[in-house]
$ cat run_11.pdb   # PDB, C-alpha atoms
ATOM      1  CA  MET A   1       0.000   0.000   0.000
ATOM      2  CA  ASP A   2       1.217   3.491  -0.820
ATOM      3  CA  SER A   3       2.115   5.576   2.204
ATOM      4  CA  GLU A   4       1.812   8.971   0.536
ATOM      5  CA  TYR A   5      -1.386  10.741   1.451
ATOM      6  CA  ILE A   6      -3.410  12.509  -1.257
ATOM      7  CA  ASN A   7      -5.207  15.570   0.076
ATOM      8  CA  ILE A   8      -8.314  15.706  -2.112
ATOM      9  CA  TYR A   9      -9.502  18.828  -0.292
ATOM     10  CA  HIS A  10      -6.477  20.743  -1.524
ATOM     11  CA  ILE A  11      -7.067  19.524  -5.073
ATOM     12  CA  LYS A  12     -10.720  20.554  -4.768
ATOM     13  CA  SER A  13      -9.565  24.001  -3.650
ATOM     14  CA  LEU A  14      -7.406  24.295  -6.778
ATOM     15  CA  ILE A  15     -10.382  23.229  -8.906
ATOM     16  CA  ASN A  16     -12.543  25.899  -7.306
ATOM     17  CA  THR A  17      -9.870  28.501  -8.022
ATOM     18  CA  LEU A  18      -9.654  27.429 -11.659
ATOM     19  CA  LYS A  19     -13.434  27.642 -12.023
ATOM     20  CA  THR A  20     -13.245  31.376 -11.301
ATOM     21  CA  TYR A  21     -11.526  31.873 -14.678
ATOM     22  CA  PRO A  22     -13.210  31.993 -18.095
ATOM     23  CA  LEU A  23     -12.474  28.402 -19.108
ATOM     24  CA  ASP A  24     -12.889  27.209 -22.650
ATOM     25  CA  GLU A  25     -14.981  24.112 -23.289
ATOM     26  CA  LYS A  26     -12.024  21.682 -23.171
ATOM     27  CA  GLN A  27     -10.667  23.138 -19.928
ATOM     28  CA  TYR A  28     -14.109  23.061 -18.353
ATOM     29  CA  LYS A  29     -14.602  19.398 -19.293
ATOM     30  CA  GLU A  30     -11.148  18.457 -17.976
ATOM     31  CA  THR A  31     -11.911  20.226 -14.711
ATOM     32  CA  GLU A  32     -15.294  18.523 -14.378
ATOM     33  CA  ASP A  33     -13.733  15.127 -15.161
ATOM     34  CA  LEU A  34     -11.174  15.609 -12.409
ATOM     35  CA  GLU A  35     -13.847  16.694  -9.955
ATOM     36  CA  VAL A  36     -15.893  13.568 -10.686
ATOM     37  CA  TYR A  37     -12.786  11.352 -10.510
ATOM     38  CA  LEU A  38     -11.965  12.762  -7.065
ATOM     39  CA  LEU A  39     -15.257  11.410  -5.750
ATOM     40  CA  ASN A  40     -13.667   7.952  -5.898
ATOM     41  CA  PHE A  41     -11.352   9.007  -3.098
ATOM     42  CA  ALA A  42     -13.779  10.590  -0.678
ATOM     43  CA  THR A  43     -13.343   7.681   1.726
ATOM     44  CA  ARG A  44     -10.084   6.082   0.627
ATOM     45  CA  GLN A  45      -6.727   6.824  -0.904
ATOM     46  CA  PRO A  46      -6.102   5.978  -4.579
ATOM     47  CA  LYS A  47      -4.352   2.768  -5.559
ATOM     48  CA  LYS A  48      -1.161   2.839  -7.618
ATOM     49  CA  GLU A  49      -2.967   2.628 -10.975
ATOM     50  CA  GLU A  50      -5.431   5.309  -9.910
ATOM     51  CA  ARG A  51      -2.593   7.592  -8.858
ATOM     52  CA  ILE A  52      -1.280   7.584 -12.424
ATOM     53  CA  ILE A  53      -4.649   8.741 -13.770
ATOM     54  CA  LEU A  54      -4.988  11.257 -10.965
ATOM     55  CA  SER A  55      -1.503  12.583 -11.668
ATOM     56  CA  ASN A  56      -2.422  13.211 -15.307
ATOM     57  CA  HIS A  57      -5.566  15.075 -14.246
ATOM     58  CA  ILE A  58      -3.620  17.177 -11.740
ATOM     59  CA  THR A  59      -0.963  17.997 -14.333
ATOM     60  CA  ARG A  60      -3.643  19.447 -16.625
ATOM     61  CA  LEU A  61      -5.187  21.294 -13.675
ATOM     62  CA  ILE A  62      -1.866  22.923 -12.783
ATOM     63  CA  LYS A  63      -1.175  23.843 -16.418
ATOM     64  CA  ASN A  64      -4.591  25.478 -16.718
ATOM     65  CA  LEU A  65      -4.141  27.354 -13.445
ATOM     66  CA  SER A  66      -0.721  28.527 -14.537
ATOM     67  CA  TYR A  67      -2.078  29.722 -17.869
ATOM     68  CA  TYR A  68      -4.737  31.925 -16.280
ATOM     69  CA  GLU A  69      -2.570  33.172 -13.427
ATOM     70  CA  ASN A  70       0.217  34.158 -15.854
ATOM     71  CA  LYS A  71      -2.329  35.726 -18.185
ATOM     72  CA  GLY A  72      -3.637  37.906 -15.378
ATOM     73  CA  ALA A  73      -7.257  37.017 -16.083
TER      74      ALA A  73
END
$ encode --input "run_11.pdb" --output "structure tokens"
Amino acid sequence: MDSEYINIYHIKSLINTLKTYPLDEKQYKETEDLEVYLLNFATRQPKKEERIILSNHITRLIKNLSYYENKGA
């Protein structure tokens, strides 16, 4: 079992921040997909395979946040 703890509340906070920006359709869908995927971990930590998927979602989240924060939107 993985010992690293995933804080879904922090990820949810980042999602909420991103949703304050004028997202395009693709960014909005990616954000919604991540939010739905996080529901899987409301009562447990992700397994190794799930962490890979989650990591990809979080990478896109961070890229989108960075885009808007650097843009000054």
$ residues_around --input "run_11.pdb" --residues "Ala42 in chain A" --least-positions-apart "5" --cutoff "10 Å" --atoms "all atoms listed in the file" --output "list of chain:residue names"
A:Asn7, A:Ile8, A:Tyr9, A:Tyr37
$ write_last_selection --input "run_11.pdb" --atoms "C-alpha atoms" --output "PDB file, keeping the file's coordinate frame"
ATOM      1  CA  ASN A   7      -5.207  15.570   0.076  1.00  0.00           C
ATOM      2  CA  ILE A   8      -8.314  15.706  -2.112  1.00  0.00           C
ATOM      3  CA  TYR A   9      -9.502  18.828  -0.292  1.00  0.00           C
ATOM      4  CA  TYR A  37     -12.786  11.352 -10.510  1.00  0.00           C
TER       5      TYR A  37
END
$ closest_residue --input "run_11.pdb" --among "A:Tyr5, A:Thr17, A:Glu50, A:Lys29" --to "Leu65 in chain A" --atoms "all atoms listed in the file"
A:Thr17
$ residues_around --input "run_11.pdb" --residues "Thr43 in chain A" --least-positions-apart "2" --cutoff "12 Å" --atoms "only C-alpha atoms" --output "NGL selection string"
:A and (6-9 or 38-41 or 45-46)
$ write_last_selection --input "run_11.pdb" --atoms "C-alpha atoms" --output "mmCIF file, in the frame of the given file"
data_model
loop_
_atom_site.group_PDB
_atom_site.id
_atom_site.type_symbol
_atom_site.label_atom_id
_atom_site.label_comp_id
_atom_site.auth_asym_id
_atom_site.auth_seq_id
_atom_site.Cartn_x
_atom_site.Cartn_y
_atom_site.Cartn_z
ATOM 1 C CA ILE A 6 -3.410 12.509 -1.257
ATOM 2 C CA ASN A 7 -5.207 15.570 0.076
ATOM 3 C CA ILE A 8 -8.314 15.706 -2.112
ATOM 4 C CA TYR A 9 -9.502 18.828 -0.292
ATOM 5 C CA LEU A 38 -11.965 12.762 -7.065
ATOM 6 C CA LEU A 39 -15.257 11.410 -5.750
ATOM 7 C CA ASN A 40 -13.667 7.952 -5.898
ATOM 8 C CA PHE A 41 -11.352 9.007 -3.098
ATOM 9 C CA GLN A 45 -6.727 6.824 -0.904
ATOM 10 C CA PRO A 46 -6.102 5.978 -4.579
#
$ resolve_selection --input "run_11.pdb" --expression "the PyMOL selection byres ((chain A and resi 33) around 12)" --output "list of chain:residue names"
A:Ile15, A:Lys26, A:Gln27, A:Tyr28, A:Lys29, A:Glu30, A:Thr31, A:Glu32, A:Leu34, A:Glu35, A:Val36, A:Tyr37, A:Leu38, A:Leu39, A:Asn40, A:Ile53, A:Leu54, A:Asn56, A:His57, A:Ile58, A:Arg60, A:Leu61
$ atom_distance --input "run_11.pdb" --atom1 "CA of His10 in chain A" --atom2 "CA of Glu25 in chain A"
23.6 Å
$ resolve_selection --input "run_11.pdb" --expression "the PyMOL selection byres ((chain A and resi 21) around 12)" --output "ChimeraX atom specification"
/A:14-20,22-24,27-28,31,64-69,71-73
